[in-house]
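Raw target-v5.cif, mmCIF, C-alpha atoms and all ligand atoms:
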```
data_structure
#
loop_
_atom_site.label_atom_id
_atom_site.label_comp_id
_atom_site.auth_asym_id
_atom_site.auth_seq_id
_atom_site.Cartn_x
_atom_site.Cartn_y
_atom_site.Cartn_z
CA MET A 106 73.17 188.91 256.20
CA GLY A 107 69.46 188.63 255.40
CA ARG A 108 67.67 185.30 255.47
CA LEU A 109 64.79 183.88 253.47
CA ILE A 110 62.92 181.27 255.47
CA LEU A 111 61.15 178.72 253.28
CA LYS A 112 57.67 177.30 253.72
CA PRO A 113 57.56 173.69 254.93
CA GLY A 114 58.38 171.20 252.17
CA LYS A 115 59.64 173.88 249.76
CA GLU A 116 63.30 172.99 250.17
CA ARG A 117 63.13 170.02 247.79
CA SER A 118 64.28 171.67 244.59
CA LEU A 119 67.21 173.32 246.39
CA LEU A 120 68.20 169.97 247.85
CA HIS A 121 68.27 168.75 244.23
CA ARG A 122 70.64 171.64 243.54
CA HIS A 123 68.20 173.57 241.37
CA PRO A 124 69.47 177.16 241.48
CA TRP A 125 66.13 179.05 241.59
CA LEU A 126 63.83 179.78 244.49
CA PHE A 127 60.34 180.91 243.48
CA ALA A 128 58.43 183.58 245.41
CA GLY A 129 55.73 181.11 246.44
CA ALA A 130 58.24 179.04 248.39
CA VAL A 131 59.21 181.90 250.72
CA ASP A 132 57.57 182.00 254.13
CA ARG A 133 59.26 185.17 255.39
CA VAL A 134 62.23 187.48 254.95
CA GLU A 135 64.42 188.28 257.92
CA GLY A 136 66.88 191.14 258.20
CA ARG A 137 67.45 194.11 255.97
CA VAL A 138 67.69 193.05 252.36
CA SER A 139 67.98 195.04 249.16
CA PRO A 140 67.79 193.93 245.49
CA GLY A 141 70.84 191.85 244.64
CA ALA A 142 71.91 191.39 248.27
CA THR A 143 73.34 188.04 249.29
CA VAL A 144 70.91 186.15 251.51
CA SER A 145 70.90 182.76 253.19
CA LEU A 146 68.11 180.39 252.18
CA ILE A 147 66.93 178.56 255.27
CA GLY A 148 64.62 175.56 255.43
CA HIS A 149 61.53 175.69 257.64
CA ASP A 150 63.38 173.40 260.05
CA GLY A 151 66.18 175.98 260.32
CA ARG A 152 68.81 174.25 258.23
CA PHE A 153 71.04 176.12 255.78
CA LEU A 154 70.23 175.34 252.13
CA ALA A 155 72.09 177.85 250.00
CA ARG A 156 73.49 181.35 249.66
CA ALA A 157 71.73 183.35 246.96
CA ALA A 158 71.06 186.72 245.38
CA TYR A 159 67.78 188.28 246.50
CA SER A 160 65.47 189.52 243.77
CA PRO A 161 62.39 191.14 245.32
CA HIS A 162 60.72 192.05 241.98
CA SER A 163 61.02 188.72 240.22
CA ALA A 164 58.97 185.53 240.52
CA ILE A 165 62.39 183.91 240.78
CA ARG A 166 62.89 185.43 244.23
CA ALA A 167 66.45 184.18 244.71
CA ARG A 168 69.18 182.71 242.50
CA VAL A 169 71.73 180.48 244.14
CA TRP A 170 75.40 181.42 244.26
CA THR A 171 76.50 178.41 246.31
CA PHE A 172 75.13 175.43 248.19
CA ASP A 173 78.25 175.40 250.40
CA GLU A 174 77.73 177.16 253.73
CA ALA A 175 81.49 177.64 254.08
CA GLU A 176 81.80 179.54 250.77
CA PRO A 177 81.43 183.32 251.09
CA VAL A 178 80.19 185.42 248.17
CA ASP A 179 82.93 188.00 247.68
CA HIS A 180 85.40 189.17 245.02
CA ALA A 181 87.34 185.91 245.28
CA PHE A 182 84.14 183.94 244.67
CA PHE A 183 83.59 185.60 241.28
CA LYS A 184 87.24 185.15 240.35
CA ARG A 185 86.99 181.42 241.12
CA ARG A 186 83.77 180.98 239.18
CA ILE A 187 85.22 182.75 236.15
CA GLN A 188 88.43 180.72 236.34
CA ARG A 189 86.37 177.54 236.44
CA ALA A 190 84.31 178.61 233.42
CA LEU A 191 87.44 179.47 231.45
CA ALA A 192 89.16 176.18 232.32
CA TYR A 193 86.14 174.26 231.06
CA ARG A 194 86.10 176.12 227.71
CA ALA A 195 89.86 175.70 227.31
CA ALA A 196 89.37 171.94 227.61
CA GLN A 197 86.19 171.63 225.52
CA VAL A 198 86.12 174.29 222.82
CA CYS A 199 88.80 175.05 220.25
CA GLY A 200 89.36 176.31 216.76
CA THR A 201 86.75 179.03 216.77
CA GLY A 202 86.73 182.79 217.09
CA ALA A 203 83.41 182.96 218.97
CA VAL A 204 82.97 181.24 222.34
CA ARG A 205 80.50 181.59 225.18
CA LEU A 206 82.75 181.88 228.24
CA VAL A 207 80.02 182.12 230.85
CA PHE A 208 76.56 180.62 230.51
CA GLY A 209 74.65 181.75 233.58
CA GLU A 210 73.35 179.12 235.96
CA ALA A 211 75.36 176.35 234.28
CA ASP A 212 78.55 178.16 235.31
CA GLY A 213 77.36 179.02 238.80
CA LEU A 214 76.78 182.65 237.82
CA PRO A 215 73.00 182.96 237.45
CA GLY A 216 71.88 185.63 235.01
CA LEU A 217 75.32 186.28 233.50
CA VAL A 218 76.33 185.63 229.89
CA VAL A 219 79.81 186.42 228.61
CA ASP A 220 80.84 185.83 225.00
CA HIS A 221 84.35 186.13 223.63
CA TYR A 222 85.13 187.11 220.05
CA ARG A 223 88.55 187.08 218.42
CA SER A 224 88.69 189.08 215.21
CA VAL A 225 90.95 187.84 212.42
CA ASP A 226 91.22 191.52 211.48
CA GLY A 227 94.16 192.69 213.63
CA GLY A 228 93.49 190.06 216.29
CA ARG A 229 91.23 192.24 218.43
CA GLN A 230 89.65 190.38 221.31
CA GLN A 231 86.28 191.48 222.59
CA LEU A 232 84.14 190.39 225.49
CA VAL A 233 80.40 191.01 225.35
CA CYS A 234 78.32 190.60 228.52
CA GLN A 235 74.67 190.37 229.41
CA PHE A 236 73.65 190.99 233.03
CA MET A 237 70.13 189.54 233.31
CA ALA A 238 69.50 189.40 237.06
CA VAL A 239 69.93 191.78 240.02
CA GLY A 240 72.51 189.51 241.64
CA VAL A 241 75.08 189.77 238.86
CA GLU A 242 74.08 193.42 238.34
CA ALA A 243 75.07 194.17 241.94
CA TRP A 244 78.48 192.55 241.39
CA LYS A 245 79.06 194.01 237.91
CA GLY A 246 82.25 195.90 238.82
CA PRO A 247 84.08 192.94 240.42
CA ILE A 248 82.84 190.62 237.64
CA VAL A 249 84.19 192.87 234.88
CA ASP A 250 87.51 193.28 236.74
CA ALA A 251 87.85 189.53 237.12
CA LEU A 252 86.94 188.93 233.45
CA VAL A 253 89.58 191.37 232.23
CA ARG A 254 92.23 189.92 234.53
CA GLU A 255 91.48 186.26 233.88
CA THR A 256 90.98 186.46 230.09
CA GLY A 257 93.61 189.10 229.38
CA CYS A 258 91.05 190.78 227.15
CA ALA A 259 90.85 194.54 227.79
CA HIS A 260 87.66 195.33 225.90
CA VAL A 261 84.29 194.61 227.48
CA TYR A 262 80.99 195.74 226.02
CA GLU A 263 77.57 195.33 227.64
CA ARG A 264 74.50 194.12 225.75
CA SER A 265 71.95 194.03 228.54
CA ASP A 266 69.20 195.15 226.15
CA VAL A 267 67.03 192.17 227.03
CA SER A 268 63.44 192.38 228.24
CA ILE A 269 64.07 189.79 230.97
CA ARG A 270 65.82 192.55 232.95
CA GLU A 271 62.46 194.25 233.46
CA LYS A 272 61.23 191.23 235.42
CA GLU A 273 64.14 191.87 237.77
CA GLY A 274 63.25 195.55 238.16
CA LEU A 275 66.20 196.60 236.00
CA GLU A 276 66.24 198.84 232.93
CA GLN A 277 67.69 197.66 229.67
CA THR A 278 71.15 199.03 229.02
CA THR A 279 74.10 198.81 226.63
CA GLY A 280 77.54 200.38 226.60
CA LEU A 281 81.21 200.18 227.33
CA LEU A 282 82.31 198.42 230.53
CA ALA A 283 86.08 198.37 229.95
CA GLY A 284 88.65 199.23 227.28
CA ASP A 285 87.67 200.82 223.96
CA GLU A 286 84.48 201.01 221.96
CA PRO A 287 84.12 197.92 219.77
CA PRO A 288 84.73 198.35 216.04
CA GLU A 289 81.66 198.47 213.80
CA LEU A 290 82.21 194.86 212.78
CA LEU A 291 84.42 192.08 214.05
CA LEU A 292 85.50 189.44 211.56
CA VAL A 293 85.32 186.08 213.30
CA ASP A 294 86.55 182.76 211.93
CA GLU A 295 84.63 179.56 212.62
CA GLY A 296 85.49 176.37 210.79
CA GLY A 297 87.26 178.28 208.02
CA VAL A 298 84.29 180.59 207.41
CA ARG A 299 84.46 184.28 208.25
CA TYR A 300 81.45 185.89 209.88
CA GLN A 301 81.07 189.63 210.34
CA VAL A 302 79.76 190.25 213.83
CA ASP A 303 78.08 193.45 214.98
CA VAL A 304 78.41 193.24 218.75
CA ARG A 305 76.60 196.54 219.30
CA LYS A 306 73.40 195.85 217.40
CA GLY A 307 73.35 192.21 216.32
CA HIS A 308 71.02 189.66 217.89
CA LYS A 309 72.11 188.34 221.29
CA THR A 310 75.74 189.49 221.60
CA GLY A 311 76.07 189.70 217.81
CA PHE A 312 76.13 186.09 216.66
CA TYR A 313 74.29 182.79 217.20
CA ILE A 314 77.29 181.20 218.86
CA ASP A 315 75.04 178.37 220.10
CA GLN A 316 74.57 176.94 216.58
CA ARG A 317 78.28 176.21 215.98
CA ASP A 318 77.93 172.41 215.96
CA SER A 319 74.95 172.58 213.63
CA ARG A 320 76.76 174.90 211.22
CA ALA A 321 79.52 172.28 211.03
CA LEU A 322 76.90 169.57 210.46
CA ILE A 323 75.35 171.55 207.60
CA ALA A 324 78.78 172.20 206.05
CA ARG A 325 79.54 168.44 206.13
CA ASN A 326 76.24 167.56 204.45
CA SER A 327 75.89 170.21 201.76
CA ALA A 328 78.12 169.02 198.92
CA GLY A 329 76.26 169.02 195.61
CA ARG A 330 72.92 169.68 197.33
CA ASP A 331 70.20 172.26 196.84
CA VAL A 332 69.84 173.90 200.25
CA LEU A 333 67.00 175.97 201.71
CA ASN A 334 67.78 178.04 204.84
CA CYS A 335 64.74 179.61 206.50
CA PHE A 336 65.11 182.41 209.07
CA CYS A 337 68.68 182.84 207.86
CA TYR A 338 69.46 186.07 209.80
CA THR A 339 73.04 187.07 208.80
CA GLY A 340 73.53 183.82 206.92
CA GLY A 341 75.17 181.52 209.48
CA PHE A 342 73.84 178.30 207.95
CA SER A 343 73.91 179.70 204.40
CA LEU A 344 77.65 180.34 204.65
CA ALA A 345 78.22 176.91 206.18
CA ALA A 346 76.38 175.35 203.22
CA LEU A 347 78.40 177.38 200.71
CA LYS A 348 81.60 176.35 202.49
CA GLY A 349 80.39 172.76 202.21
CA GLU A 350 80.07 173.13 198.40
CA ALA A 351 76.31 173.25 198.16
CA ARG A 352 75.03 173.40 194.59
CA SER A 353 72.62 176.20 195.49
CA VAL A 354 71.50 177.93 198.68
CA LEU A 355 68.18 179.76 198.93
CA SER A 356 67.91 181.80 202.14
CA ILE A 357 64.81 183.47 203.54
CA ASP A 358 64.46 186.17 206.19
CA SER A 359 61.96 188.98 206.77
CA SER A 360 64.68 191.43 207.78
CA GLY A 361 66.26 193.32 204.86
CA GLU A 362 69.04 194.45 207.16
CA ALA A 363 69.93 190.89 208.16
CA LEU A 364 69.95 189.86 204.48
CA ALA A 365 72.25 192.75 203.52
CA HIS A 366 74.60 191.60 206.25
CA ALA A 367 74.35 188.01 205.00
CA ARG A 368 75.23 189.08 201.45
CA ALA A 369 78.24 191.00 202.76
CA ASN A 370 79.29 187.83 204.59
CA VAL A 371 79.24 185.87 201.31
CA LEU A 372 81.51 188.47 199.72
CA ALA A 373 83.84 188.55 202.76
CA ASN A 374 84.44 184.84 202.19
CA GLY A 375 84.91 185.09 198.46
CA PHE A 376 82.15 182.53 197.87
CA ASP A 377 80.50 182.37 194.46
CA SER A 378 77.47 184.62 194.96
CA GLN A 379 75.75 182.94 191.98
CA ARG A 380 75.11 179.92 194.19
CA ALA A 381 73.37 182.04 196.83
CA GLN A 382 69.88 183.47 196.49
CA TRP A 383 68.15 185.63 199.08
CA LEU A 384 64.46 186.23 199.68
CA ASP A 385 63.24 189.11 201.84
CA ALA A 386 59.92 187.54 202.78
CA ASP A 387 57.76 185.91 205.41
CA ALA A 388 59.06 182.35 205.73
CA PHE A 389 55.68 180.84 206.69
CA ARG A 390 54.01 182.06 203.50
CA THR A 391 57.04 181.55 201.28
CA LEU A 392 57.43 177.91 202.30
CA ARG A 393 53.87 177.26 201.15
CA SER A 394 54.27 179.11 197.86
CA LEU A 395 57.56 177.36 197.05
CA HIS A 396 55.68 174.06 197.34
CA GLN A 397 52.84 175.30 195.15
CA ASP A 398 55.47 176.32 192.58
CA GLY A 399 56.75 172.74 192.54
CA GLN A 400 60.14 173.49 194.10
CA SER A 401 62.06 170.97 196.16
CA PHE A 402 65.34 170.75 198.08
CA ASP A 403 67.90 168.21 199.32
CA LEU A 404 68.69 169.94 202.61
CA ILE A 405 66.50 172.30 204.62
CA VAL A 406 67.25 174.31 207.77
CA LEU A 407 64.38 175.69 209.85
CA ASP A 408 65.70 177.87 212.68
CA PRO A 409 62.92 180.31 213.60
CA PRO A 410 63.01 182.91 216.37
CA LYS A 411 61.69 181.97 219.80
CA LEU A 412 58.00 181.38 218.99
CA ALA A 413 56.96 180.63 222.59
CA PRO A 414 58.42 183.33 224.84
CA SER A 415 56.58 181.79 227.81
CA GLN A 416 54.30 178.95 228.87
CA GLN A 417 51.11 180.76 227.86
CA HIS A 418 52.30 180.96 224.23
CA VAL A 419 52.94 177.24 223.88
CA ASP A 420 49.75 176.24 222.03
CA ARG A 421 50.00 178.96 219.43
CA ALA A 422 53.73 178.39 219.03
CA ALA A 423 53.17 174.64 218.60
CA ARG A 424 50.84 175.36 215.65
CA ALA A 425 53.44 177.69 214.11
CA TYR A 426 56.24 175.13 214.52
CA LYS A 427 54.00 172.50 212.98
CA ASP A 428 53.15 174.80 210.10
CA ILE A 429 56.75 175.42 209.04
CA ASN A 430 57.78 171.80 209.56
CA LEU A 431 54.83 170.58 207.50
CA SER A 432 55.73 172.93 204.66
CA GLY A 433 59.41 172.12 205.02
CA LEU A 434 58.83 168.37 204.83
CA LYS A 435 56.67 168.78 201.72
CA LEU A 436 59.59 170.58 200.07
CA LEU A 437 62.07 167.85 200.95
CA ARG A 438 63.07 165.38 198.24
CA PRO A 439 63.12 161.67 199.18
CA GLY A 440 66.40 161.02 201.00
CA GLY A 441 66.64 164.73 201.78
CA LEU A 442 67.78 166.10 205.13
CA LEU A 443 66.07 168.49 207.53
CA ALA A 444 67.64 170.32 210.47
CA THR A 445 64.76 171.78 212.47
CA TYR A 446 65.01 173.76 215.73
CA SER A 447 63.10 175.33 218.56
CA CYS A 448 64.83 177.78 220.90
CA SER A 449 61.70 178.18 223.03
CA GLY A 450 62.51 177.13 226.58
CA ALA A 451 58.79 176.55 227.16
CA ILE A 452 58.70 173.79 224.51
CA GLY A 453 60.57 170.74 225.75
CA ALA A 454 62.33 168.21 223.55
CA PRO A 455 59.51 165.58 223.75
CA LEU A 456 56.84 168.12 222.73
CA PHE A 457 59.02 169.42 219.90
CA GLN A 458 59.50 165.89 218.57
CA LYS A 459 55.75 165.30 218.75
CA ILE A 460 55.07 168.50 216.78
CA VAL A 461 57.52 167.45 214.09
CA ALA A 462 56.10 163.92 214.01
CA ASP A 463 52.57 165.36 213.56
CA ALA A 464 53.85 167.54 210.74
CA ALA A 465 55.46 164.52 209.05
CA ALA A 466 52.21 162.56 209.33
CA ASP A 467 50.25 165.42 207.75
CA ALA A 468 52.86 165.73 205.01
CA GLY A 469 52.52 161.99 204.30
CA ALA A 470 56.25 161.65 204.92
CA ASP A 471 58.21 158.96 206.75
CA VAL A 472 61.14 160.52 208.52
CA ARG A 473 63.96 158.99 210.46
CA ILE A 474 65.75 160.77 213.28
CA LEU A 475 69.44 160.81 212.45
CA GLY A 476 70.33 162.80 215.53
CA ARG A 477 69.37 165.28 218.21
CA LEU A 478 70.90 168.71 218.03
CA GLY A 479 71.59 171.43 220.54
CA ALA A 480 73.90 174.18 221.63
CA GLY A 481 77.64 173.54 221.67
CA ALA A 482 79.80 172.50 224.63
CA ASP A 483 80.34 176.14 225.61
CA HIS A 484 76.64 176.17 226.63
CA PRO A 485 76.95 173.49 229.30
CA MET A 486 73.90 171.88 230.85
CA LEU A 487 73.49 171.22 234.55
CA ALA A 488 71.96 167.86 235.34
CA GLY A 489 69.63 169.49 237.86
CA PHE A 490 68.61 172.48 235.72
CA PRO A 491 66.60 171.43 232.64
CA GLU A 492 65.62 175.08 232.00
CA GLY A 493 69.15 175.62 230.68
CA GLU A 494 68.46 173.38 227.69
CA TYR A 495 66.60 175.95 225.60
CA LEU A 496 67.85 175.03 222.12
CA LYS A 497 66.74 171.71 220.74
CA GLY A 498 66.91 170.45 217.22
CA LEU A 499 66.18 167.33 215.23
CA TRP A 500 68.32 166.07 212.37
CA LEU A 501 65.96 164.19 210.10
CA GLN A 502 65.93 162.33 206.83
CA ARG A 503 62.92 161.88 204.63
CA ILE A 504 62.81 158.21 203.73
N1 LIG B 1 69.27 180.85 211.92
C1 LIG B 1 69.89 182.12 212.31
C2 LIG B 1 69.21 182.74 213.50
C3 LIG B 1 67.75 182.97 213.32
S1 LIG B 1 67.17 184.33 214.24
C4 LIG B 1 71.37 181.90 212.56
O1 LIG B 1 71.78 180.76 212.74
O2 LIG B 1 72.11 182.88 212.58
C5 LIG B 1 65.57 184.47 213.63
C6 LIG B 1 65.48 185.21 212.32
O3 LIG B 1 64.14 185.04 211.87
C7 LIG B 1 65.71 186.71 212.38
O4 LIG B 1 66.73 187.05 211.45
C8 LIG B 1 64.39 187.34 211.95
O5 LIG B 1 64.55 188.47 211.11
C9 LIG B 1 63.74 186.21 211.19
N2 LIG B 1 62.27 186.19 211.14
C10 LIG B 1 61.40 186.38 212.15
N3 LIG B 1 60.14 186.16 211.72
C11 LIG B 1 60.22 185.80 210.41
C12 LIG B 1 59.28 185.44 209.42
N4 LIG B 1 57.98 185.39 209.69
N5 LIG B 1 59.73 185.13 208.20
C13 LIG B 1 61.05 185.17 207.91
N6 LIG B 1 61.99 185.50 208.81
C14 LIG B 1 61.58 185.82 210.04
#
```

Represent the structure contained in this file as structure tokens.
Ligand code: SAH
Amino acid sequence: MGRLILKPGKERSLLHRHPWLFAGAVDRVEGRVSPGATVSLIGHDGRFLARAAYSPHSAIRARVWTFDEAEPVDHAFFKRRIQRALAYRAAQVCGTGAVRLVFGEADGLPGLVVDHYRSVDGGRQQLVCQFMAVGVEAWKGPIVDALVRETGCAHVYERSDVSIREKEGLEQTTGLLAGDEPPELLLVDEGGVRYQVDVRKGHKTGFYIDQRDSRALIARNSAGRDVLNCFCYTGGFSLAALKGEARSVLSIDSSGEALAHARANVLANGFDSQRAQWLDADAFRTLRSLHQDGQSFDLIVLDPPKLAPSQQHVDRAARAYKDINLSGLKLLRPGGLLATYSCSGAIGAPLFQKIVADAAADAGADVRILGRLGAGADHPMLAGFPEGEYLKGLWLQRI
């Protein structure tokens, strides 16, 4: 087995059980190693630190499989990791047709995402996977076999059409991994609402599974309220608000296709479409013009796409987040509620709160923080891996 010998003093993050080794920490590579091969990470003093997948093209040069020297990385390893991930979900997540079964590093399987959908239409079960690092790519066959065996779900589809693969020297790819082609749409139940999910072409693996807890929060707080949902995509929060008996729901997205899908979702649930209005428009501009038109709302959701894809985009993204939050707060009636999010990993929770606080100051609004929001329990967070906490939200009330 190949070995990566670290530079002096570079073993610290591994000793803190952080699962990434950056290229700059590597002193030398010993033995014959290929992309995705299992290597031992060795401190400068010669001690074993971890067993990891070697990624020669990426700045993240190795991703840790195990810190236990006695644990080999073989078929049984992947079976155990998947069993552990499933046991955790069985204990923590229930009553929903869409669950993230494997969340990469947090489940000891760096670079792997596996989502499970159960359709209320005929009960079809579907797994959708993303392989985002050479390590899991190299073990794809055994991983898919173990997934099918352990979940009892025969159908596995791959959605590795993510640009992060290019950093690993891998091409983007999609397609069937096991079982049959997925149907055009799956009909998934979450909290009594039915969502049509397009696993082949939808965002991520077809649905924003990570916002489950927030959809429930919006449903609980919508009764009798005028709701504004910006960046609505296929209507996740809009449907939750309608389920929660909102008086009206105005939803904005710049994708006509997403809006058509959202409208179909309203019909699939038999909701009164009179209460739902849809705007195919740029949310940044529309928020400003709604204010100029004298409109206001009782509950606003701001869930934009990832505005800071990396560290170098943080300043510009911070201005954009501030812009929408400023406009959103101006549109909020006194006592009104705002759920505002950032899914940019490069913007940490303290910075996001500061941006929102600056926006509130500029809007002349006092806001109280009712709660902090994030992905559901099926997106676990490792204590030693803050990078895993990409989605952060604030639940605010205008005083
Ligand atoms: N809130 C959604 C997910 C949002 S994904 C949910 O819970 O399902 C981000 C969405 O923002 C996409 O649908 C995309 O079409 C939309 N979008 C991106 N830029 C936009 C803009 N400038 N104005 C309006 N919508 C935009």

Would you write out, as JSON lines, a table of all residues in chain A that have an atom no more than 9 Å from an atom of ligand LIG 1 (chain B), listing for each the closest atom pair and the distance in Å to one decimal, considering only C-alpha atoms and all ligand atoms and ordering rows by chain and rising residue number?
```
{"residue": "A:His308", "atom": "CA", "partner": "B:LIG1", "partner_atom": "S1", "distance": 7.5}
{"residue": "A:Phe312", "atom": "CA", "partner": "B:LIG1", "partner_atom": "O2", "distance": 6.6}
{"residue": "A:Tyr313", "atom": "CA", "partner": "B:LIG1", "partner_atom": "O2", "distance": 5.1}
{"residue": "A:Ile314", "atom": "CA", "partner": "B:LIG1", "partner_atom": "O1", "distance": 8.2}
{"residue": "A:Asp315", "atom": "CA", "partner": "B:LIG1", "partner_atom": "O1", "distance": 8.4}
{"residue": "A:Gln316", "atom": "CA", "partner": "B:LIG1", "partner_atom": "O1", "distance": 6.1}
{"residue": "A:Arg317", "atom": "CA", "partner": "B:LIG1", "partner_atom": "O1", "distance": 8.6}
{"residue": "A:Ser319", "atom": "CA", "partner": "B:LIG1", "partner_atom": "O1", "distance": 8.8}
{"residue": "A:Arg320", "atom": "CA", "partner": "B:LIG1", "partner_atom": "O1", "distance": 7.8}
{"residue": "A:Asn334", "atom": "CA", "partner": "B:LIG1", "partner_atom": "N1", "distance": 7.8}
{"residue": "A:Cys335", "atom": "CA", "partner": "B:LIG1", "partner_atom": "C13", "distance": 6.8}
{"residue": "A:Phe336", "atom": "CA", "partner": "B:LIG1", "partner_atom": "O3", "distance": 4.0}
{"residue": "A:Cys337", "atom": "CA", "partner": "B:LIG1", "partner_atom": "N1", "distance": 4.6}
{"residue": "A:Tyr338", "atom": "CA", "partner": "B:LIG1", "partner_atom": "O4", "distance": 3.3}
{"residue": "A:Thr339", "atom": "CA", "partner": "B:LIG1", "partner_atom": "O2", "distance": 5.7}
{"residue": "A:Gly340", "atom": "CA", "partner": "B:LIG1", "partner_atom": "O2", "distance": 5.9}
{"residue": "A:Gly341", "atom": "CA", "partner": "B:LIG1", "partner_atom": "O2", "distance": 4.6}
{"residue": "A:Phe342", "atom": "CA", "partner": "B:LIG1", "partner_atom": "O1", "distance": 5.8}
{"residue": "A:Ser343", "atom": "CA", "partner": "B:LIG1", "partner_atom": "O1", "distance": 8.7}
{"residue": "A:Ile357", "atom": "CA", "partner": "B:LIG1", "partner_atom": "C13", "distance": 6.0}
{"residue": "A:Asp358", "atom": "CA", "partner": "B:LIG1", "partner_atom": "N6", "distance": 3.7}
{"residue": "A:Ser359", "atom": "CA", "partner": "B:LIG1", "partner_atom": "N6", "distance": 4.0}
{"residue": "A:Ser360", "atom": "CA", "partner": "B:LIG1", "partner_atom": "O5", "distance": 4.5}
{"residue": "A:Gly361", "atom": "CA", "partner": "B:LIG1", "partner_atom": "O5", "distance": 8.1}
{"residue": "A:Glu362", "atom": "CA", "partner": "B:LIG1", "partner_atom": "O5", "distance": 8.5}
{"residue": "A:Ala363", "atom": "CA", "partner": "B:LIG1", "partner_atom": "O4", "distance": 6.0}
{"residue": "A:Leu364", "atom": "CA", "partner": "B:LIG1", "partner_atom": "O4", "distance": 8.2}
{"residue": "A:Leu384", "atom": "CA", "partner": "B:LIG1", "partner_atom": "C13", "distance": 9.0}
{"residue": "A:Asp385", "atom": "CA", "partner": "B:LIG1", "partner_atom": "C13", "distance": 7.6}
{"residue": "A:Ala386", "atom": "CA", "partner": "B:LIG1", "partner_atom": "C13", "distance": 5.8}
{"residue": "A:Asp387", "atom": "CA", "partner": "B:LIG1", "partner_atom": "N5", "distance": 3.5}
{"residue": "A:Ala388", "atom": "CA", "partner": "B:LIG1", "partner_atom": "N5", "distance": 3.8}
{"residue": "A:Phe389", "atom": "CA", "partner": "B:LIG1", "partner_atom": "N4", "distance": 5.9}
{"residue": "A:Arg390", "atom": "CA", "partner": "B:LIG1", "partner_atom": "N5", "distance": 8.0}
{"residue": "A:Thr391", "atom": "CA", "partner": "B:LIG1", "partner_atom": "N5", "distance": 8.2}
{"residue": "A:Val406", "atom": "CA", "partner": "B:LIG1", "partner_atom": "N1", "distance": 8.0}
{"residue": "A:Leu407", "atom": "CA", "partner": "B:LIG1", "partner_atom": "N1", "distance": 7.4}
{"residue": "A:Asp408", "atom": "CA", "partner": "B:LIG1", "partner_atom": "N1", "distance": 4.7}
{"residue": "A:Pro409", "atom": "CA", "partner": "B:LIG1", "partner_atom": "C5", "distance": 4.9}
{"residue": "A:Pro410", "atom": "CA", "partner": "B:LIG1", "partner_atom": "C5", "distance": 4.1}
{"residue": "A:Lys411", "atom": "CA", "partner": "B:LIG1", "partner_atom": "C5", "distance": 7.7}
{"residue": "A:Leu412", "atom": "CA", "partner": "B:LIG1", "partner_atom": "N3", "distance": 9.0}
```

Counting only C-alpha atoms, write as a VMD selection string all protein and nucleic acid residues lying at most 10 Å from (77.6, 170.6, 229.3) in the file's frame.
-> chain A and resid 193 197 211 to 212 480 to 488 493 to 494

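Near (75.8, 197.6, 241.6), the residues that fall inside 12 Å on the basis of all atoms listed in the file are Ser139, Pro140, Gly141, Ala142, Phe236, Ala238, Val239, Gly240, Val241, Glu242, Ala243, Trp244, Lys245, Gly246, Pro247, Ile248, Val249 and Leu275 of chain A.
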
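Proximity ranking of A:Arg503, A:Arg352, A:Lys497, A:Arg194 relative to Leu475 of chain A places A:Arg503 first, based on only C-alpha atoms.
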
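Counting only C-alpha atoms, Ala328 of chain A has the following residues at most 12 Å away, ignoring those fewer than 6 positions along the same chain: A:Leu322, A:Ala345, A:Ala346, A:Leu347, A:Lys348, A:Gly349, A:Glu350, A:Ala351, A:Arg352, A:Ser353, A:Val354, A:Asp403, A:Leu404.
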
Written selection (C-alpha atoms) as a compact mmCIF listing (two decimals), in the coordinates of the input:
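Result file follows (part.txt):
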```txt
# COMPACT_ATOMS: atom_id res chain seq x y z
CA LEU A 322 76.90 169.57 210.46
CA ALA A 345 78.22 176.91 206.18
CA ALA A 346 76.38 175.35 203.22
CA LEU A 347 78.40 177.38 200.71
CA LYS A 348 81.60 176.35 202.49
CA GLY A 349 80.39 172.76 202.21
CA GLU A 350 80.07 173.13 198.40
CA ALA A 351 76.31 173.25 198.16
CA ARG A 352 75.03 173.40 194.59
CA SER A 353 72.62 176.20 195.49
CA VAL A 354 71.50 177.93 198.68
CA ASP A 403 67.90 168.21 199.32
CA LEU A 404 68.69 169.94 202.61
```

Nearest to Asp467 of chain A, chosen from A:Ser378, A:Asn430, A:Ser224, A:Ser449, with only C-alpha atoms counted in the distances =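 Once distances to Asp467 of chain A are computed over only C-alpha atoms, the minimum belongs to A:Asn430.
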
Work out how far atom CA of Phe490 of chain A is from atom CA of His149 of chain A, in Å to one decimal.
-> 23.3 Å

Could you give me, as a ChimeraX atom specification, the residues within 7 Å of Ala128 of chain A, counting only C-alpha atoms and dropping anything in the same chain fewer than 5 positions from it?
-> /A:164-166
